[in-house]
4 protein chains.
Amino acid sequence: MRVSRLEAFSDGVFAIAATLLVLELRVPEDGHDLPSELLRLWPAYAAYLVSFLTIGIIWVNHHTLLEHCRQVDRRFLYLNLALLIAVGIVPFPTALVGRYILTDGAATAALVVYGLGAILIAVAFSGIFFYASHDARLVGDVAAARRIRAEGRYFPIGLAAYAVGIALAFVAPTASLVLYGLTALFYALPILPLPDR
Amino acid sequence: MRVSRLEAFSDGVFAIAATLLVLELRVPEDGHDLPSELLRLWPAYAAYLVSFLTIGIIWVNHHTLLEHCRQVDRRFLYLNLALLIAVGIVPFPTALVGRYILTDGAATAALVVYGLGAILIAVAFSGIFFYASHDARLVGDVAAARRIRAEGRYFPIGLAAYAVGIALAFVAPTASLVLYGLTALFYALPILPLPDR
Amino acid sequence: MRVSRLEAFSDGVFAIAATLLVLELRVPEDGHDLPSELLRLWPAYAAYLVSFLTIGIIWVNHHTLLEHCRQVDRRFLYLNLALLIAVGIVPFPTALVGRYILTDGAATAALVVYGLGAILIAVAFSGIFFYASHDARLVGDVAAARRIRAEGRYFPIGLAAYAVGIALAFVAPTASLVLYGLTALFYALPILPLPDR
Amino acid sequence: MRVSRLEAFSDGVFAIAATLLVLELRVPEDGHDLPSELLRLWPAYAAYLVSFLTIGIIWVNHHTLLEHCRQVDRRFLYLNLALLIAVGIVPFPTALVGRYILTDGAATAALVVYGLGAILIAVAFSGIFFYASHDARLVGDVAAARRIRAEGRYFPIGLAAYAVGIALAFVAPTASLVLYGLTALFYALPILPLPDR
């Protein structure tokens with residue numbers, strides 16, 4: 001399979017999942033005091049921002065990985081499909097967090113679900129990352145495979161951060177959301193150098 | 001018509017239909033006991049998973065077929081449009097199943113509709129599959145056409161599985177959904193070998 | 001501007017507008033007698049079918065036109081944007097028709113709006129069609145420009161059909177929807193021959 | 001990173017954000033007097049038009065800029081992500097305006113939010129514009145970089161227009177929306193000449 005069509009489908013899911021997030025910003029039913037109604041929606045804005053950032057950064061890393069691949073096989077396709085299933089679900093935990101982060105009792109569940117969703121994505125992404133680099137066949141170049149594999153050491157850091165975020169959800173839900181945002185930014189660090197072409 | 005633009009439009013519909021599925025995961029209105037509210041949504045998660053998997057696997061097979069095609073003609077375009085109309089509707093039966101699989105009486109109707117939708121897709125996909133291979137014109141190569149045609153013997157298996165799923169809907173709706181998921185996995189088997197490029 | 005990026009953006013809008021149509025198929029709130037609830041939704045299924053078909057066929061004709069174009073200029077881009085604005089609105093009249101075609105009094109308004117939307121699309125499409133062919137600059141070939149221009153004689157037929165559909169809306173709303181569907185099929189006739197490449 | 005994949009993802013977000021706007025055109029719940037119900041929705045239609053136009057014109061300018069770029073780096077990617085986050089949010093202020101522009105008190109807040117969203121987009125777009133042109137590395141050509149930089153003098157005009165729009169929101173909300181639409185048209189003027197290819 002040509003890498004380009006895999007990218008096209010994946011880009012579609014990434015872009016749609018990110019753009020659907022806006023549907024969770026609900027117009028207040030009651031416009032009587034619209035300015036304060038809008039301010040009270042801040043958790044929804046924060047969740048939108050963290051989730052769009054997360055998906056955008058996954059997109060950058062996904063395409064960087066694929067730029068190193070000369071070809072993909074069927075197993076890669078299905079690992080990639082698992083990643084897309086995980087990314088496609090993001091609007092749901094985002095909506096949960098936007099709605100319940102200020103509700104005692106419900107906030108913890110919302111942020112635990114958010115963290116579990118993030119872990120799902122990180123695991124699926126690690127899957128295609130390690131599969132692509134486990135031998136040099138897909139990347140077509142031993143040096144590139146070794147470099148990709150070496151970068152794999154960063155993944156446990158992200159997973160650990162999400163686990164801490166889930167723990168934080170029980171004591172400080174807002175801090176938990178902040179941590180999820182920071183973890184996205186951590187993944188924004190150059191995991192793989194961009195190829196020069 | 002260039003195959004590439006047909007792919008772009010088809011990929012768009014596949015990716016959007018799959019990503020819209022998440023909109024059927026509704027945030028519980030009542031956050032009083034959010035953890036158990038979220039657990040009670042399991043049919044919606046299961047339906048999301050089965051449908052995303054189904055669309056993803058159709059996408060893989062669709063692109064594999066198109067990789068074998070050197071060109072497409074207008075009739076192919078309209079057969080492909082029929083497939084997209086069938087794929088685009090998937091979020092509707094998915095929502096039905098997610099909502100009603102545990103409701104006595106309604107569950108059967110929901111899973112029958114789901115199975116009919118799946119049959120519609122399988123028939124439309126068979127249509128473009130056989131049309132592309134019925135002579136060597138589109139695939140541009142007699143050997144490839146014969147190989148595609150030979151693989152066509154797998155389609156009746158999928159159709160039979162969906163028919164059994166519809167029958168199961170009357171006695172065990174949950175088993176019916178499981179069967180739909182397994183049928184998707186069956187289609188994940190390599191129907192056509194991926195071209196090497 | 002490269003024609004390919006214009007196509008990518010246009011394909012995106014076409015694919016999304018078509019796939020969003022499914023959101024108008026609402027899961028019945030009451031599953032007490034789900035089979036008959038689902039049957040009562042037939043106007044929504046019919047509207048889905050007619051609109052998806054219409055968008056799909058516009059897509060085919062749009063890409064066929066663009067295959068004849070060697071380049072596009074800024075004016076072409078804005079004419080194309082007008083077409084996309086018209087296509088992007090399709091889910092709204094579709095929802096109107098699906099909801100109100102059986103409601104005395106409201107049905108006429110719903111189908112008039114549907115017809116006006118279709119006329120908007122036809123006019124915008126004629127716009128880019130005639131602009132592309134009015135001199136040979138964009139298509140880069142006098143013979144192709146003349147052929148495109150000659151095909152322009154079919155547009156008034158479509159417009160007339162939509163006008164009749166609007167008139168029919170006042171006496172027989174269902175017949176009006178049927179006519180809109182048939183008009184889409186009329187546009188499916190080969191307006192422009194597909195280039196051979 | 002190849003410019004082409006950045007375009008694909010960006011085009012996806014642009015196209016989806018524009019097409020999602022239609023979801024804010026709500027079918028009237030009550031079809032008793034559908035024609036006047038539909039006429040009363042005019043603010044939603046106007047907001048749809050202004051926002052689709054704005055996104056479409058940003059798309060044209062975005063692609064024109066990228067046509068001048070020979071490559072992009074990671075910093076460019078994240079600046080572009082900021083632009084996409086701002087564009088992706090457009091359906092929310094659009095819905096606010098469509099719903100509240102005729103409601104005393106709420107109209108001002110809705111149009112202020114709309115203007116702030118527009119400023120966010122303009123600032124993010126300026127960011128990638130200046131970053132791309134600040135040295136000749138990305139555009140690969142000193143003359144092109146100078147031309148892009150020279151065009152940068154138009155950005156403050158747009159920003160000033162949005163600021164006036166926000167001020168207008170306090171005295172004449174409808175005039176404010178008209179101004180936002182005109183500003184979009186201002187950006188439709190050829191900021192950068194289209195490359196000839």
# chains A, B, ... in the order shown; residues from 1 in each chain; ligands from 1
$ closest_atom_pairs --of "chain B" --to "chain C" --cutoff "8 Å" --atoms "only C-alpha atoms" --output "CSV"
residue,atom,partner,partner_atom,distance
B:Met1,CA,C:Leu194,CA,5.9
B:Arg2,CA,C:Arg197,CA,6.7
B:Arg5,CA,C:His63,CA,8.0
B:Ala8,CA,C:Asp11,CA,7.2
B:Phe9,CA,C:Asp11,CA,5.6
B:Ser10,CA,C:Ala15,CA,7.8
B:Gly12,CA,C:Ala15,CA,5.6
B:Val13,CA,C:Ala15,CA,5.3
B:Ile16,CA,C:Thr19,CA,6.6
B:Ala17,CA,C:Thr19,CA,6.2
B:Gln71,CA,C:Arg197,CA,7.5
B:Asp73,CA,C:Leu194,CA,7.6
B:Arg74,CA,C:Leu194,CA,7.5
B:Leu77,CA,C:Val60,CA,7.8
B:Leu81,CA,C:Gly56,CA,6.6
B:Ile85,CA,C:Phe52,CA,6.7
B:Gly88,CA,C:Thr19,CA,5.4
B:Ile89,CA,C:Val22,CA,5.7
B:Pro91,CA,C:Val22,CA,7.0
B:Phe92,CA,C:Leu25,CA,6.5
B:Ala95,CA,C:Val27,CA,6.8
B:Leu96,CA,C:Val27,CA,6.1
B:Tyr100,CA,C:Gly31,CA,7.3
B:Thr103,CA,C:Gly31,CA,7.8
B:Gly105,CA,C:His32,CA,7.4
B:Ala106,CA,C:Leu34,CA,5.5
B:Ala109,CA,C:Pro35,CA,5.9
B:Ala110,CA,C:Leu34,CA,7.9
$ select_by_dssp --residues "region 100-176 of chain B" --states "alpha helix (DSSP H)" --output "PyMOL selection string"
chain B and resi 100+106-133+142-151+155-168+173-176
$ write_last_selection --atoms "C-alpha atoms" --output "mmCIF file, in the first residue's frame"
data_model
loop_
_atom_site.group_PDB
_atom_site.id
_atom_site.type_symbol
_atom_site.label_atom_id
_atom_site.label_comp_id
_atom_site.auth_asym_id
_atom_site.auth_seq_id
_atom_site.Cartn_x
_atom_site.Cartn_y
_atom_site.Cartn_z
ATOM 1 C CA TYR B 100 -31.749 -0.108 22.157
ATOM 2 C CA ALA B 106 -36.635 -2.759 20.418
ATOM 3 C CA ALA B 107 -33.332 -4.659 20.400
ATOM 4 C CA THR B 108 -34.420 -6.999 17.627
ATOM 5 C CA ALA B 109 -35.438 -4.168 15.311
ATOM 6 C CA ALA B 110 -32.181 -2.300 16.012
ATOM 7 C CA LEU B 111 -30.009 -5.284 15.149
ATOM 8 C CA VAL B 112 -32.043 -6.214 12.101
ATOM 9 C CA VAL B 113 -31.556 -2.686 10.776
ATOM 10 C CA TYR B 114 -27.840 -2.929 11.567
ATOM 11 C CA GLY B 115 -27.584 -6.188 9.637
ATOM 12 C CA LEU B 116 -29.515 -4.790 6.686
ATOM 13 C CA GLY B 117 -27.135 -1.844 6.568
ATOM 14 C CA ALA B 118 -24.179 -4.221 6.589
ATOM 15 C CA ILE B 119 -25.715 -6.251 3.767
ATOM 16 C CA LEU B 120 -26.230 -3.073 1.759
ATOM 17 C CA ILE B 121 -22.527 -2.291 2.121
ATOM 18 C CA ALA B 122 -21.461 -5.839 1.251
ATOM 19 C CA VAL B 123 -23.641 -5.870 -1.856
ATOM 20 C CA ALA B 124 -22.394 -2.457 -3.009
ATOM 21 C CA PHE B 125 -18.815 -3.487 -2.392
ATOM 22 C CA SER B 126 -19.321 -6.722 -4.340
ATOM 23 C CA GLY B 127 -20.725 -4.570 -7.120
ATOM 24 C CA ILE B 128 -17.588 -2.486 -7.604
ATOM 25 C CA PHE B 129 -15.435 -5.560 -7.008
ATOM 26 C CA PHE B 130 -17.054 -7.591 -9.778
ATOM 27 C CA TYR B 131 -17.453 -4.621 -12.095
ATOM 28 C CA ALA B 132 -13.740 -3.848 -11.831
ATOM 29 C CA SER B 133 -12.759 -7.418 -12.563
ATOM 30 C CA VAL B 142 -5.645 -10.137 -17.232
ATOM 31 C CA ALA B 143 -3.821 -11.877 -14.389
ATOM 32 C CA ALA B 144 -4.878 -9.279 -11.823
ATOM 33 C CA ALA B 145 -8.478 -9.403 -13.025
ATOM 34 C CA ARG B 146 -8.518 -13.183 -12.632
ATOM 35 C CA ARG B 147 -7.048 -12.931 -9.141
ATOM 36 C CA ILE B 148 -9.615 -10.340 -8.080
ATOM 37 C CA ARG B 149 -12.400 -12.477 -9.516
ATOM 38 C CA ALA B 150 -11.127 -15.555 -7.697
ATOM 39 C CA GLU B 151 -11.223 -13.679 -4.408
ATOM 40 C CA PHE B 155 -18.143 -12.392 -0.477
ATOM 41 C CA PRO B 156 -20.983 -14.903 -0.040
ATOM 42 C CA ILE B 157 -19.455 -15.917 3.311
ATOM 43 C CA GLY B 158 -19.752 -12.363 4.610
ATOM 44 C CA LEU B 159 -23.297 -12.040 3.301
ATOM 45 C CA ALA B 160 -24.276 -15.319 4.932
ATOM 46 C CA ALA B 161 -22.785 -14.162 8.228
ATOM 47 C CA TYR B 162 -24.856 -10.964 8.122
ATOM 48 C CA ALA B 163 -27.980 -13.016 7.350
ATOM 49 C CA VAL B 164 -27.261 -15.200 10.383
ATOM 50 C CA GLY B 165 -26.749 -12.002 12.400
ATOM 51 C CA ILE B 166 -30.219 -10.825 11.409
ATOM 52 C CA ALA B 167 -31.713 -14.164 12.416
ATOM 53 C CA LEU B 168 -29.813 -14.039 15.742
ATOM 54 C CA PRO B 173 -29.373 -9.389 20.145
ATOM 55 C CA THR B 174 -26.008 -9.164 21.904
ATOM 56 C CA ALA B 175 -24.746 -12.286 20.128
ATOM 57 C CA SER B 176 -25.881 -10.664 16.892
#
$ atom_distance --atom1 "CA of Val3 (chain B)" --atom2 "CA of His134 (chain B)"
18.0 Å
$ residues_around --residues "Val139 (chain A)" --least-positions-apart "5" --cutoff "6 Å" --atoms "only C-alpha atoms" --output "ChimeraX atom specification"
/A:68-70
$ write_last_selection --atoms "N, CA, C and O atoms" --output "PDB file, in the first residue's frame"
ATOM      1  N   HIS A  68       9.329   8.501   7.580  1.00  0.00           N
ATOM      2  CA  HIS A  68      10.473   7.592   7.635  1.00  0.00           C
ATOM      3  C   HIS A  68      10.164   6.239   7.013  1.00  0.00           C
ATOM      4  O   HIS A  68      11.063   5.428   6.844  1.00  0.00           O
ATOM      5  N   CYS A  69       8.881   5.977   6.748  1.00  0.00           N
ATOM      6  CA  CYS A  69       8.512   4.652   6.238  1.00  0.00           C
ATOM      7  C   CYS A  69       8.511   4.636   4.719  1.00  0.00           C
ATOM      8  O   CYS A  69       7.922   5.509   4.090  1.00  0.00           O
ATOM      9  N   ARG A  70       9.100   3.631   4.180  1.00  0.00           N
ATOM     10  CA  ARG A  70       9.071   3.482   2.737  1.00  0.00           C
ATOM     11  C   ARG A  70       7.825   2.749   2.280  1.00  0.00           C
ATOM     12  O   ARG A  70       7.377   2.902   1.171  1.00  0.00           O
TER      13      ARG A  70
END
$ atom_distance --atom1 "CA of Ala82 (chain A)" --atom2 "CA of Ile101 (chain B)"
24.4 Å
